[in-house]
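Engineer: A single structure is presented below for examination.
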Amino acid sequence: MQRLMGKVALVTGASSGIGAATAIALAADGARVAIAARRAERLGELADRIRHCGGEALPIEADVTDETQATAMVQHAIQEFGQLDMLLGIAGVGVAAPFQNTTTAEYRQMIDVNFLGLLYPIHAALPTMKRQGSGHIVIVSSGTGRYIHPSTVYSGTKHAASAMAESLRREIGREGVRVTSIEPGAVRTEFTSRMRDDVRLTVELRLGDMEQLEAEDIATAILYAVTQPPRVNVNILTIYPTQQA
Ligand SMILES: NC(=O)c1ccc[n+]([C@@H]2O[C@H](COP(=O)([O-])OP(=O)(O)OC[C@H]3O[C@@H](n4cnc5c(N)ncnc54)[C@H](OP(=O)(O)O)[C@@H]3O)[C@@H](O)[C@H]2O)c1
């Protein structure tokens, strides 16, 4: 049985990793999915894959740090599908380094993507969800948004994301809009490979031969949260690799 039949989701950060796995999982469960990121070619490939399996996908090229583009992304999804039931804020970047080994340009990028890049789409989506009297905002924060790992600025942006999610949940639950914070430990995606070389090597050394989570493990957790009855708000899910301290 497809539990999300008739539902519409917009997934940011859908061009790889957790976002791509989540879009596939939502579509497999019946949702029509708008998939957004900057790499249009990747989105096209993902849309083909979802359609090939009988799903419906709308690729939207957008940079979530640009308010105009983030707003247009949400409006495009709503115009195309006529509603918006789930907004999944998954786009993120991380320079998992100590404060003194992080540049001010890197601070700005992490704050822009990991925090403003969440707020702009939520701002654009909320009026529709409130009008519908239902909606679900799922944000992918991080374990480092709750506990402290050696990644000072990244950790700060993710603490901001987790705190914002809980505060927003309290603010809009009465209007039928749910909010969930997903807080993963180490997941095997492109995330680490996109860091600058010295930081990437330190992170890889720290992770060692530990078995990391797969992107699909996080998609499964997200699917759990979004398929609960409307009266149930899954507030926070923290998911770590078994071997991660
Ligand atoms: N991997 C981990 O160990 C881990 C652990 C905890 C939390 N997380 C969080 O999980 C989320 C997904 O990460 P991932 O592991 O799946 O890494 P990933 O494969 O590198 O995915 C990151 C996604 O964010 C998108 N993105 C980055 N900057 C963007 C921008 N300015 N505008 C729009 N999209 C942008 C990327 O797409 P484009 O480059 O195509 O725009 C990509 O789709 C992130 O929020 C990350 O912080 C990851």
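Order determines the names: the first chain of the structure tokens is A, the second B, and so forth; residues in each chain are numbered 1 upward, and ligands are numbered 1 upward as they are shown.
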Skip A:Gly145 itself and residues of its chain fewer than 5 positions away, then list as a PyMOL selection string all residues within 6 Å of it, counting only C-alpha atoms.

Structural biologist: chain A and resi 155+158-159

Engineer: I'd like a table as a Markdown table: residues in stretch 151-227 of chain A with an atom no more than 10 Å from stretch 1-16 of chain A, each row giving the shortest atom pair and its distance in Å to one decimal, only C-alpha atoms counted, sorted by chain and rising residue number.

Structural biologist:
| residue | atom | partner | partner_atom | distance |
| --- | --- | --- | --- | --- |
| A:Thr189 | CA | A:Ser16 | CA | 7.6 |
| A:Glu190 | CA | A:Ser16 | CA | 7.3 |
| A:Phe191 | CA | A:Ser16 | CA | 9.1 |
| A:Ala215 | CA | A:Ser16 | CA | 9.2 |
| A:Leu223 | CA | A:Leu4 | CA | 9.5 |
| A:Val226 | CA | A:Leu4 | CA | 8.6 |
| A:Thr227 | CA | A:Arg3 | CA | 6.8 |

Engineer: Ligand 1: which residues are within 7 Å, counting only C-alpha atoms and all ligand atoms? Reply as a PyMOL selection string.

Structural biologist: chain A and resi 12-19+36-39+62-65+90-94+113-114+140-143+183-192+194+215

Engineer: I'd like to know which of A:Gln69, A:Thr157, A:Gln83, A:Thr102 is closest to A:Gly135, using only C-alpha atoms.

Structural biologist: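 The closest residue to A:Gly135 is A:Gln83.
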
Engineer: Once you count only C-alpha atoms, what closest atom pair and distance in Å to one decimal does each residue of stretch 155-241 of chain A within 8 Å of stretch 130-133 of chain A have, with rows by chain and rising residue number, as a tab-separated table?

Structural biologist:
residue	atom	partner	partner_atom	distance
A:Glu175	CA	A:Gly133	CA	5.9
A:Gly176	CA	A:Gly133	CA	5.2
A:Val177	CA	A:Gly133	CA	7.0

Engineer: Of the candidates A:Ala221, A:Ala97, A:Ile172, A:Ile24, which one gets nearest to A:Arg206 if we count only C-alpha atoms?

Structural biologist: A:Ala97

Engineer: What does the distance between atom CA of A:Thr242 and atom CA of A:Glu211 come to in Å, to one decimal place?

Structural biologist: 8.0 Å

Engineer: Please identify all polymer residues within 10 Å of A:Glu106, counting only C-alpha atoms, omitting same-chain residues fewer than 4 positions from it, and present them as a ChimeraX atom specification.

Structural biologist: /A:93-95,101-102,110-112,153-154

Engineer: Rank A:Ala96, A:Ala72, A:Val179, A:Ile78 by their smallest atom-to-atom distance to A:Ala163, using only C-alpha atoms, and report the top residue only.

Structural biologist: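 Counting only C-alpha atoms, the residue closest to A:Ala163 is A:Val179.
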
Engineer: A:Ile218: which residues within 8 Å, counting only C-alpha atoms, same-chain residues fewer than 4 positions away excluded, as a list in words?

Structural biologist: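 Surrounding residues, per the criterion: Ile18, Thr22, Pro184, Leu213, Glu214, Ile222 and Ile239 of chain A.
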
Engineer: Nearest to A:Arg174 among A:Gly208, A:Pro241, A:Pro59, A:Ser134, with distances taken over only C-alpha atoms: which residue is it?

Structural biologist: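 Closest to A:Arg174 of all the choices is A:Ser134.
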
Engineer: Which residue gives the smallest distance to A:Thr144 among A:Met73, A:Leu87, A:Ala245, A:Ala219, with only C-alpha atoms counted?

Structural biologist: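 Smallest distance to A:Thr144 is found for A:Ala245.
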
Engineer: Counting only C-alpha atoms, which residue out of A:Gln244, A:Thr152, A:Asn235, A:Pro230 sits closest to A:Ser167?

Structural biologist: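 Closest to A:Ser167 of all the choices is A:Asn235.
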
Engineer: Enumerate the residues of stretch 199-240 of chain A with a DSSP assignment of strand (DSSP E), computed from the backbone, and present them as a PyMOL selection string.

Structural biologist: chain A and resi 213-214+236-239

Engineer: At what distance in Å, to one decimal, does atom CA of A:Ile139 lie from atom CA of A:Ile60?

Structural biologist: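 That distance, rounded to one decimal, is 18.7 Å.
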
Engineer: Report, in Å to a single decimal, how far apart atom CA of A:Arg146 and atom CA of A:Gln109 are.

Structural biologist: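 Result for atom CA of A:Gln109 versus atom CA of A:Arg146: 20.6 Å, one decimal.
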
Engineer: Mind checking which residues fall within 10 Å of A:Ile50, counting only C-alpha atoms, ignoring those fewer than 2 positions away in the same chain, and posting them as a VMD selection string?

Structural biologist: chain A and resid 23 to 28 32 to 33 44 to 48 52 to 58

Engineer: Mind listing the helix (DSSP H, G or I) residues of stretch 18-171 of chain A, per DSSP on the backbone, as a PyMOL selection string?

Structural biologist: chain A and resi 18-28+40-52+67-81+99-101+104-132+143-145+152-171
